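Have a look at the structure below, then the notes.
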Amino acid sequence: MSNEIEKLSGFVVVTGASSGIGLELARLAAKDGCDLLLVADRDLSAGKAACEAAGAKSVRTVECDLATQSGVDDVMKAIDVTQVDALIANAGHGQGHAFFDQEWHEIAHVIDTNVKGTVSLVHKIGKRMRDRNAGRILVTGSVAGHMPGPYQLVYNSTKAFIDDFCVGLHNELKETNVVVTCLLPGITDTNFFKRADMEDTRAGQSDSKSDPADVAKDGYDALLEGDTQVVSGFMNKIQTQFADILPDNVVAEMHRRLAIPGGGK
């Protein structure tokens, strides 16, 4: 696919669009004048208003839980036979604390949201793109996918899957006009740490969190350029390189210090 494309057009589906990186990605598509379908498991009225103000041609919303089959079905019903020109699969969340101190239903929800729901939508929508030989998919992975993640174990493991999945799918589609791009943010100033019950950690209390608007712009630009993967932020690029070089037990110890409850006090 040509790298000369400077903006998105047509119908764009954005998941996890109620706040943070997802909302900023939706704003960028709105500024390009796209028709939007915003998806999240919480109220989308503010996101809808923001995208309308940014210039979207039209904005529809679906409030559903993508960890469930019914949630995925709700999104596909809303799409119906409409051609999806871009899927921005940003929905996901984490869960802090030690693995054996977490409740199973919380663990399962992280896995089902980050992996099952994401891959299901990519499969359903991406297959249509492949069949017509056109379309773009941006998935939010994480630099955490390069790190064994004590006290954030399930989240990091799901993102390791997503990071690798996107690179593999991009390769499968390299002879088509369908682009798959994976955005890898680091610690970002969003509601992530509150929802994950990690506000008392060093990561949660970091003063150097990335601006979600900057992270979104990195991912959006990479999608337009047809890149396979983009790590947002210079220091995150360095961190990811070291995580790939250092022994896993060393990286795990470094992550432990960032994520252990009470570590930020």
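Order determines the names: the first chain of the structure tokens is A, the second B, and so forth; residues in each chain are numbered 1 upward, and ligands are numbered 1 upward as they are shown.
Within 7 Å of segment 228-245 of chain A, once only C-alpha atoms are used and residues closer than 3 positions along the same chain are dropped, the contacting residues are Val143, His146, Met147, Val167, His170, Val180, Thr181, Cys182, Leu183, Leu184, Pro185, Gly186, Val215, Asp218, Gly219, Ala222 and Val251 of chain A.
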Kindly export the residues of the current selection with C-alpha atoms, as a tab-separated table (two decimals), in the first residue's frame.
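Generated file (selection01.tsv):
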```tsv
chain	number	residue	atom	x	y	z
A	143	VAL	CA	6.12	-2.11	25.65
A	146	HIS	CA	8.53	-7.22	26.10
A	147	MET	CA	8.77	-7.60	29.88
A	167	VAL	CA	3.74	-8.64	13.52
A	170	HIS	CA	1.27	-8.05	9.07
A	180	VAL	CA	-1.63	-4.10	10.21
A	181	THR	CA	0.21	-1.81	12.63
A	182	CYS	CA	0.90	-2.33	16.33
A	183	LEU	CA	1.28	0.68	18.63
A	184	LEU	CA	3.44	0.07	21.70
A	185	PRO	CA	2.94	2.76	24.36
A	186	GLY	CA	4.81	2.90	27.63
A	215	VAL	CA	1.07	8.41	21.80
A	218	ASP	CA	2.65	8.16	16.84
A	219	GLY	CA	0.31	5.22	16.24
A	222	ALA	CA	2.58	4.71	11.72
A	251	VAL	CA	13.86	-7.47	33.44
```
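Across A:Lys174, A:Lys194, A:Arg27, A:Arg257, the tightest approach to Ile88 of chain A is made by A:Arg27 when counting only C-alpha atoms.
Nearest to Val139 of chain A of all the residues A:Glu52, A:Val13, A:Asn191, A:Ile79 is A:Val13, based on only C-alpha atoms.
Rounded to one decimal, atom CA of Ala56 of chain A and atom CA of Gly92 of chain A lie 24.0 Å from each other.
The coordinates place atom CA of Val154 of chain A at 16.1 Å from atom CA of Asp248 of chain A.
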Against segment 18-21 of chain A, which residues of segment 194-220 of chain A fall within 12 Å? For each one I want the closest pair of atoms and the distance in Å (one decimal), counting only C-alpha atoms, rows by chain and increasing residue number, as a tab-separated table.
```
residue	atom	partner	partner_atom	distance
A:Ser210	CA	A:Ile21	CA	10.3
A:Asp211	CA	A:Ile21	CA	8.7
A:Pro212	CA	A:Ile21	CA	4.9
A:Ala213	CA	A:Ile21	CA	6.6
A:Asp214	CA	A:Ile21	CA	8.8
A:Val215	CA	A:Ile21	CA	6.8
A:Ala216	CA	A:Ile21	CA	5.6
A:Lys217	CA	A:Ile21	CA	9.2
A:Asp218	CA	A:Ile21	CA	10.6
A:Gly219	CA	A:Ile21	CA	9.6
A:Tyr220	CA	A:Ile21	CA	10.6
```
Take the residues that were just selected and, keeping N, CA and C atoms, output them as an mmCIF file, in the first residue's frame.
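Wrote it out as out_20.cif, contents follow:
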```cif
data_model
loop_
_atom_site.group_PDB
_atom_site.id
_atom_site.type_symbol
_atom_site.label_atom_id
_atom_site.label_comp_id
_atom_site.auth_asym_id
_atom_site.auth_seq_id
_atom_site.Cartn_x
_atom_site.Cartn_y
_atom_site.Cartn_z
ATOM 1 N N SER A 210 3.650 9.544 29.500
ATOM 2 C CA SER A 210 3.466 10.115 28.169
ATOM 3 C C SER A 210 2.087 10.746 28.041
ATOM 4 N N ASP A 211 1.983 11.751 27.201
ATOM 5 C CA ASP A 211 0.705 12.376 26.880
ATOM 6 C C ASP A 211 -0.031 11.451 25.910
ATOM 7 N N PRO A 212 -1.266 11.058 26.222
ATOM 8 C CA PRO A 212 -1.986 10.141 25.329
ATOM 9 C C PRO A 212 -2.168 10.695 23.919
ATOM 10 N N ALA A 213 -2.239 12.025 23.787
ATOM 11 C CA ALA A 213 -2.367 12.620 22.451
ATOM 12 C C ALA A 213 -1.101 12.373 21.628
ATOM 13 N N ASP A 214 0.066 12.450 22.276
ATOM 14 C CA ASP A 214 1.328 12.188 21.573
ATOM 15 C C ASP A 214 1.436 10.718 21.179
ATOM 16 N N VAL A 215 1.033 9.843 22.091
ATOM 17 C CA VAL A 215 1.066 8.407 21.803
ATOM 18 C C VAL A 215 0.147 8.077 20.632
ATOM 19 N N ALA A 216 -1.056 8.640 20.658
ATOM 20 C CA ALA A 216 -2.015 8.392 19.588
ATOM 21 C C ALA A 216 -1.471 8.871 18.243
ATOM 22 N N LYS A 217 -0.847 10.029 18.241
ATOM 23 C CA LYS A 217 -0.291 10.568 16.988
ATOM 24 C C LYS A 217 0.781 9.650 16.434
ATOM 25 N N ASP A 218 1.624 9.099 17.306
ATOM 26 C CA ASP A 218 2.650 8.157 16.843
ATOM 27 C C ASP A 218 2.012 6.942 16.175
ATOM 28 N N GLY A 219 0.975 6.388 16.811
ATOM 29 C CA GLY A 219 0.314 5.222 16.239
ATOM 30 C C GLY A 219 -0.419 5.541 14.957
ATOM 31 N N TYR A 220 -1.093 6.665 14.939
ATOM 32 C CA TYR A 220 -1.868 7.071 13.760
ATOM 33 C C TYR A 220 -0.953 7.283 12.555
#
```
- Message: List as JSON, numbers by chain the protein and nucleic acid residues near Asp200 of chain A, meaning an atom at most 9 Å away when only C-alpha atoms are counted, but skip any in the same chain fewer than 4 places from it.
- Response: {"A": [193, 204, 205, 259, 260, 261, 262, 263, 264, 265]}
- Give me every helix (DSSP H, G or I) residue in segment 9-181 of chain A, going by DSSP on the backbone, as number ranges by chain. A: 20-31, 45-54, 69-79, 99-101, 104-132, 143-146, 153-172
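Distances from A:Thr176, A:Gln152, A:Asn249, A:Thr15 to Gln102 of chain A were compared using only C-alpha atoms, and the smallest one belongs to A:Gln152.
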- Task: For Gly22 of chain A, please output as a PyMOL selection string all residues within 6 Å (counting only C-alpha atoms; exclusion window: fewer than 4 positions along the same chain).
- Result: chain A and resi 16-17+90
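The list of residues with at least one atom within 8 Å of Ile125 of chain A, based on only C-alpha atoms and without residues fewer than 4 positions apart in the same chain, reads A:Val84, A:Leu87, A:Leu121, A:Met129.
Across the structure, atom CA of Leu169 of chain A and atom CA of Val14 of chain A are spaced 19.3 Å apart.
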- Query: Which residues in segment 86-260 of chain A does DSSP call strand (DSSP E)? List them as a list of chain:residue names.
  - Reply: A:Ala86, A:Leu87, A:Ile88, A:Ala89, A:Gly135, A:Arg136, A:Ile137, A:Leu138, A:Val139, A:Thr140, A:Val178, A:Val179, A:Val180, A:Thr181, A:Cys182, A:Leu183, A:Leu184, A:Gln229, A:Val230, A:Val231
Could you take the residues named above and write them with C-alpha atoms, as a PDB file, in the first residue's frame?
```pdb
ATOM      1  CA  ALA A  86      -9.922   1.209   9.321  1.00  0.00           C
ATOM      2  CA  LEU A  87     -10.191  -0.695  12.586  1.00  0.00           C
ATOM      3  CA  ILE A  88      -8.466   0.907  15.566  1.00  0.00           C
ATOM      4  CA  ALA A  89      -8.481  -1.856  18.181  1.00  0.00           C
ATOM      5  CA  GLY A 135      -8.085  -1.670   4.743  1.00  0.00           C
ATOM      6  CA  ARG A 136      -6.035  -0.663   7.752  1.00  0.00           C
ATOM      7  CA  ILE A 137      -5.835  -2.112  11.261  1.00  0.00           C
ATOM      8  CA  LEU A 138      -4.143  -0.441  14.219  1.00  0.00           C
ATOM      9  CA  VAL A 139      -3.895  -2.470  17.422  1.00  0.00           C
ATOM     10  CA  THR A 140      -2.673  -1.066  20.735  1.00  0.00           C
ATOM     11  CA  VAL A 178      -4.240  -4.523   4.030  1.00  0.00           C
ATOM     12  CA  VAL A 179      -1.980  -2.903   6.623  1.00  0.00           C
ATOM     13  CA  VAL A 180      -1.629  -4.099  10.207  1.00  0.00           C
ATOM     14  CA  THR A 181       0.212  -1.813  12.628  1.00  0.00           C
ATOM     15  CA  CYS A 182       0.899  -2.330  16.328  1.00  0.00           C
ATOM     16  CA  LEU A 183       1.276   0.677  18.634  1.00  0.00           C
ATOM     17  CA  LEU A 184       3.443   0.073  21.700  1.00  0.00           C
ATOM     18  CA  GLN A 229       5.154  -1.636  14.693  1.00  0.00           C
ATOM     19  CA  VAL A 230       5.912   1.625  16.489  1.00  0.00           C
ATOM     20  CA  VAL A 231       7.164   2.178  20.031  1.00  0.00           C
TER      21      VAL A 231
END
```
- Note on the structure: One residue among A:Leu25, A:Lys31, A:Ala53, A:Val119 is nearest to Leu66 of chain A when using only C-alpha atoms, and that residue is A:Val119
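For the choices A:Glu24, A:Asp85, A:Asp35, A:Asp73, the atom-to-atom distance to Gly126 of chain A is smallest for A:Asp85 when using only C-alpha atoms.
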- Query: If you count only C-alpha atoms, which residues fall within 10 Å of segment 104-116 of chain A, apart from same-chain ones fewer than 3 positions away, as JSON, numbers by chain?
  - Reply: {"A": [65, 66, 67, 68, 69, 72, 89, 90, 91, 92, 93, 94, 95, 99, 100, 101, 119, 120, 121, 122, 140, 141, 153, 154, 155, 157, 158, 159, 161, 162, 165, 196]}
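Residues with any atom within 10 Å of Glu63 of chain A, counting only C-alpha atoms and excluding same-chain neighbours fewer than 4 positions away, are Thr15, Gly16, Ser18, Leu38, Val39, Ala40, Asp41, Arg42, Asp43, Leu44, Gly71, Asp74 and Val75 of chain A.
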Write the residues of the preceding selection, restricted to C-alpha atoms, as a PDB file, in the first residue's frame.
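As a result, part34.pdb now contains:
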```
ATOM      1  CA  THR A  15     -12.581   0.488  20.423  1.00  0.00           C
ATOM      2  CA  GLY A  16     -11.664   1.689  23.896  1.00  0.00           C
ATOM      3  CA  SER A  18     -14.154   6.628  25.868  1.00  0.00           C
ATOM      4  CA  LEU A  38     -16.934   4.455  18.873  1.00  0.00           C
ATOM      5  CA  VAL A  39     -16.916   1.406  21.141  1.00  0.00           C
ATOM      6  CA  ALA A  40     -16.250   1.163  24.890  1.00  0.00           C
ATOM      7  CA  ASP A  41     -17.515  -0.511  28.038  1.00  0.00           C
ATOM      8  CA  ARG A  42     -18.413   2.838  29.607  1.00  0.00           C
ATOM      9  CA  ASP A  43     -20.205   6.059  28.721  1.00  0.00           C
ATOM     10  CA  LEU A  44     -19.257   7.433  25.308  1.00  0.00           C
ATOM     11  CA  GLY A  71     -20.208  -7.444  23.133  1.00  0.00           C
ATOM     12  CA  ASP A  74     -23.078  -5.894  19.260  1.00  0.00           C
ATOM     13  CA  VAL A  75     -20.196  -4.245  17.412  1.00  0.00           C
TER      14      VAL A  75
END
```
